[in-house]
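Visitor: The structure file model-v6.tsv (TSV, C-alpha atoms) is provided below.
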chain	number	residue	atom	x	y	z
A	714	MET	CA	121.41	132.81	94.71
A	715	SER	CA	123.11	133.76	91.44
A	716	ALA	CA	121.31	134.77	88.26
A	717	LEU	CA	122.30	131.47	86.65
A	718	ASP	CA	120.79	129.51	89.55
A	719	ARG	CA	117.56	131.52	89.27
A	720	PHE	CA	117.47	130.83	85.52
A	721	PHE	CA	117.74	127.04	85.93
A	722	VAL	CA	116.17	126.40	89.34
A	723	GLY	CA	114.00	129.48	89.87
A	724	HIS	CA	113.22	131.48	92.98
A	725	GLU	CA	112.86	129.69	96.29
A	726	ASP	CA	109.16	130.56	96.51
A	727	ALA	CA	108.37	129.54	92.91
A	728	PRO	CA	105.25	127.38	92.43
A	729	VAL	CA	107.10	124.33	91.09
A	730	ARG	CA	104.62	121.81	92.48
A	731	GLN	CA	101.70	123.64	90.84
A	732	HIS	CA	103.53	123.53	87.52
A	733	ARG	CA	104.13	119.79	87.83
A	734	LEU	CA	100.46	119.17	88.59
A	735	GLY	CA	99.45	121.47	85.75
A	736	GLY	CA	101.73	119.59	83.37
A	737	ILE	CA	100.23	116.26	84.43
A	738	ALA	CA	96.70	117.61	84.01
A	739	LEU	CA	97.47	119.03	80.56
A	740	PHE	CA	99.13	115.75	79.55
A	741	ALA	CA	96.03	113.77	80.56
A	742	LEU	CA	93.64	116.20	78.87
A	743	VAL	CA	95.52	116.27	75.57
A	744	PHE	CA	96.17	112.51	75.64
A	745	VAL	CA	92.51	111.60	76.15
A	746	THR	CA	91.15	114.11	73.66
A	747	HIS	CA	93.47	112.92	70.90
A	748	LEU	CA	92.71	109.22	71.20
A	749	PRO	CA	90.38	107.79	68.53
A	750	PRO	CA	86.63	108.07	69.22
A	751	ASP	CA	86.21	104.31	69.48
A	752	ALA	CA	88.64	104.31	72.44
A	753	VAL	CA	87.21	107.18	74.51
A	754	GLY	CA	83.84	107.91	72.94
A	755	PRO	CA	82.55	111.47	73.23
A	756	LEU	CA	85.72	112.71	74.95
A	757	SER	CA	87.63	112.55	71.67
A	758	TYR	CA	88.55	115.82	69.96
A	759	PRO	CA	86.00	116.06	67.11
A	760	PHE	CA	88.03	118.25	64.75
A	761	GLY	CA	90.91	115.89	63.97
A	762	LEU	CA	94.54	116.19	64.94
A	763	ARG	CA	95.72	119.77	65.11
A	764	LEU	CA	99.31	120.52	66.03
A	765	TRP	CA	99.12	124.30	66.47
A	766	PRO	CA	97.05	124.27	69.72
A	767	VAL	CA	99.51	121.79	71.20
A	768	ALA	CA	102.44	123.98	70.15
A	769	VAL	CA	100.75	127.02	71.69
A	770	LEU	CA	100.23	125.09	74.95
A	771	GLY	CA	103.90	124.04	74.94
A	772	LEU	CA	105.21	127.56	74.32
A	773	GLY	CA	102.67	129.09	76.70
A	774	GLY	CA	103.50	126.64	79.48
A	775	GLY	CA	107.18	127.50	79.30
A	776	ALA	CA	106.41	131.22	79.23
A	777	VAL	CA	104.08	130.96	82.23
A	778	GLY	CA	106.84	129.18	84.14
A	779	ALA	CA	109.22	132.04	83.40
A	780	LEU	CA	106.70	134.75	84.22
A	781	ARG	CA	105.90	133.16	87.58
A	782	GLY	CA	109.57	133.14	88.59
A	783	ASP	CA	110.20	129.46	88.05
A	784	GLY	CA	113.38	128.12	86.51
A	785	VAL	CA	113.78	126.14	83.31
A	786	PHE	CA	113.59	122.85	85.19
A	787	GLY	CA	110.36	123.85	86.90
A	788	ALA	CA	108.74	125.18	83.73
A	789	LEU	CA	109.50	122.10	81.61
A	790	PRO	CA	106.64	119.94	82.98
A	791	LEU	CA	104.09	122.67	82.33
A	792	GLY	CA	105.23	123.19	78.74
A	793	ALA	CA	106.16	119.64	77.80
A	794	GLY	CA	103.09	117.94	79.31
A	795	PRO	CA	100.59	118.72	76.54
A	796	VAL	CA	103.10	118.03	73.75
A	797	LEU	CA	104.02	114.70	75.31
A	798	GLY	CA	100.31	113.85	75.64
A	799	PHE	CA	99.73	114.58	71.95
A	800	PHE	CA	102.58	112.43	70.66
A	801	ALA	CA	101.93	109.66	73.18
A	802	ALA	CA	98.33	109.45	71.94
A	803	LEU	CA	99.56	109.28	68.35
A	804	GLY	CA	101.91	106.45	69.23
A	805	ALA	CA	99.50	104.56	71.48
A	806	ALA	CA	96.70	104.56	68.89
A	807	GLU	CA	99.12	104.19	65.95
A	808	LEU	CA	97.59	107.17	64.14
A	809	THR	CA	100.61	107.88	61.94
A	810	THR	CA	101.89	106.33	58.74
A	811	PRO	CA	104.31	104.63	58.93
A	812	SER	CA	103.12	103.34	62.28
A	813	MET	CA	104.79	104.89	65.32
A	814	GLY	CA	104.74	102.84	68.51
A	815	LEU	CA	104.11	104.18	71.99
A	816	TRP	CA	107.80	104.50	72.86
A	817	GLN	CA	108.53	106.44	69.68
A	818	GLY	CA	105.62	108.73	70.49
A	819	VAL	CA	106.92	109.29	74.01
A	820	ALA	CA	110.45	109.99	72.75
A	821	THR	CA	109.18	112.41	70.11
A	822	GLY	CA	106.93	114.11	72.65
A	823	LEU	CA	109.77	114.53	75.15
A	824	VAL	CA	112.09	116.08	72.58
A	825	ALA	CA	109.47	118.33	70.95
A	826	GLY	CA	107.94	119.27	74.32
A	827	GLY	CA	111.31	120.07	75.82
A	828	LEU	CA	112.22	122.27	72.86
A	829	LEU	CA	108.89	124.12	72.82
A	830	ALA	CA	108.88	124.61	76.59
A	831	SER	CA	112.47	125.87	76.51
A	832	ILE	CA	111.71	128.33	73.71
A	833	GLY	CA	108.59	129.50	75.56
A	834	PHE	CA	110.61	129.86	78.74
A	835	ALA	CA	113.24	131.95	76.95
A	836	LEU	CA	110.53	134.21	75.52
A	837	GLY	CA	108.86	134.57	78.92
A	838	PHE	CA	112.18	135.15	80.69
A	839	GLY	CA	113.11	137.83	78.15
A	840	GLY	CA	109.68	139.45	78.49
A	841	ARG	CA	109.95	139.44	82.26
A	842	TYR	CA	113.43	140.97	82.08
A	843	VAL	CA	112.32	143.71	79.66
A	844	ALA	CA	109.22	144.46	81.72
A	845	GLY	CA	111.34	144.70	84.87
A	846	ARG	CA	113.75	147.10	83.19
A	847	VAL	CA	110.96	149.28	81.81
A	848	LEU	CA	109.07	149.41	85.10
A	849	SER	CA	112.21	150.11	87.13
A	850	SER	CA	113.27	153.00	84.87
A	851	ALA	CA	109.82	154.63	84.95
Go through the file and emit its structure as structure tokens.
Guide:
Amino acid sequence: MSALDRFFVGHEDAPVRQHRLGGIALFALVFVTHLPPDAVGPLSYPFGLRLWPVAVLGLGGGAVGALRGDGVFGALPLGAGPVLGFFAALGAAELTTPSMGLWQGVATGLVAGGLLASIGFALGFGGRYVAGRVLSSA
């Protein structure tokens, strides 16, 4: 397997299924916690809408995918899941002005989540490469 294949697809023993399930779980958690309190009651996030934790989850998910030997395509669900959940909740509950529908929220979440997960993956891939070079030269 070439280096380019490993970058996009990952190693053969990479935990791709775990990353997909993790992305789905993070999507559901962020989606439910960012709905209005009248929709989900006490499950709603009590501190308002904060974008920085969602961005950290998106970057961190992509980086975890890289550090675990997964490719870009395997790391995308883990990084994009929480970002997609955030924007889908905004669109579903129409919490923005001007009003953004569900499909606009999903489209925004896919683009922003894909970008954040890709940036996180690049950072994790670079960190893994540097750590491998440092450890192999020691």
Visitor: Of the residues A:Phe740, A:Tyr842, A:Phe834, A:Phe721, which is the one nearest to Ala779 of chain A, using only C-alpha atoms?
Guide: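 That would be A:Phe834, the residue with the smallest distance to Ala779 of chain A.
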Visitor: For Val745 of chain A, which residue out of A:Arg733, A:Gly782, A:Ala802, A:Gly787 is the nearest one, using all atoms listed in the file?
Guide: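 Checking each candidate against Val745 of chain A, we get A:Ala802 as the closest.
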Visitor: Please, what distance in Å, to one decimal, runs between atom CA of Gly826 of chain A and atom CA of Val843 of chain A?
Guide: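 Calculated distance between atom CA of Gly826 of chain A and atom CA of Val843 of chain A is 25.4 Å.
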Visitor: For each of A:Phe838, A:Trp765, A:Phe800, A:Phe744, take the minimum atom-to-atom distance to Arg719 of chain A, counting all atoms listed in the file, then give the residue where this is smallest.
Guide: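 Among A:Phe838, A:Trp765, A:Phe800, A:Phe744, it is A:Phe838 that comes nearest to Arg719 of chain A.
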Visitor: Between atom CA of Gly845 of chain A and atom CA of Val722 of chain A, what is the distance in Å, rounded to a tenth?
Guide: 19.4 Å
Visitor: Could you make a table, as a Markdown table, of the residues of segment 724-795 of chain A that have an atom within 9 Å of an atom of segment 810-825 of chain A, each with its nearest atom pair and distance in Å to one decimal, counting all atoms listed in the file, in chain and number order?
Guide:
| residue | atom | partner | partner_atom | distance |
| --- | --- | --- | --- | --- |
| A:Gly771 | CA | A:Ala825 | CA | 8.9 |
| A:Ala793 | CA | A:Leu823 | CA | 6.8 |
| A:Gly794 | CA | A:Leu823 | CA | 8.6 |
| A:Pro795 | CA | A:Gly822 | CA | 8.8 |
Visitor: For the atom pair atom CA of Gly837 of chain A and atom CA of Gly778 of chain A, what is the interatomic distance in Å to one decimal place?
Guide: 7.8 Å
Visitor: For Gly775 of chain A, which residue out of A:Arg763, A:His747, A:His732, A:Arg846 is the nearest one, using only C-alpha atoms?
Guide: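 Answer, going by the shortest atom-to-atom distance: A:His732.
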Visitor: For each of A:Ser831, A:Leu803, A:Val769, A:Ala752, take the minimum atom-to-atom distance to Ala788 of chain A, counting all atoms listed in the file, then give the residue where this is smallest.
Guide: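 Closest to Ala788 of chain A, using all atoms listed in the file: A:Ser831.
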Visitor: Using only C-alpha atoms, pick whichever of A:Thr746, A:His724, A:Leu780, A:Gly736 has the shortest atom-to-atom distance to Gly840 of chain A.
Guide: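 Residue with the minimum atom-to-atom distance to Gly840 of chain A: A:Leu780.
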Visitor: Once 3 Å is added on each side, what are the centre and the three edge lengths, in Å to one decimal, of the axis-aligned box enclosing the listed atoms of segment 793-805 of chain A? Present them as JSON.
Guide:
{"center_x": 102.2, "center_y": 112.1, "center_z": 73.8, "size_x": 13.8, "size_y": 21.1, "size_z": 17.0}
Visitor: At most 7 Å from (110.4, 125.5, 89.8), file frame, only C-alpha atoms: which residues, as a VMD selection string?
Guide: chain A and resid 722 to 723 727 to 729 783 to 784 786 to 788
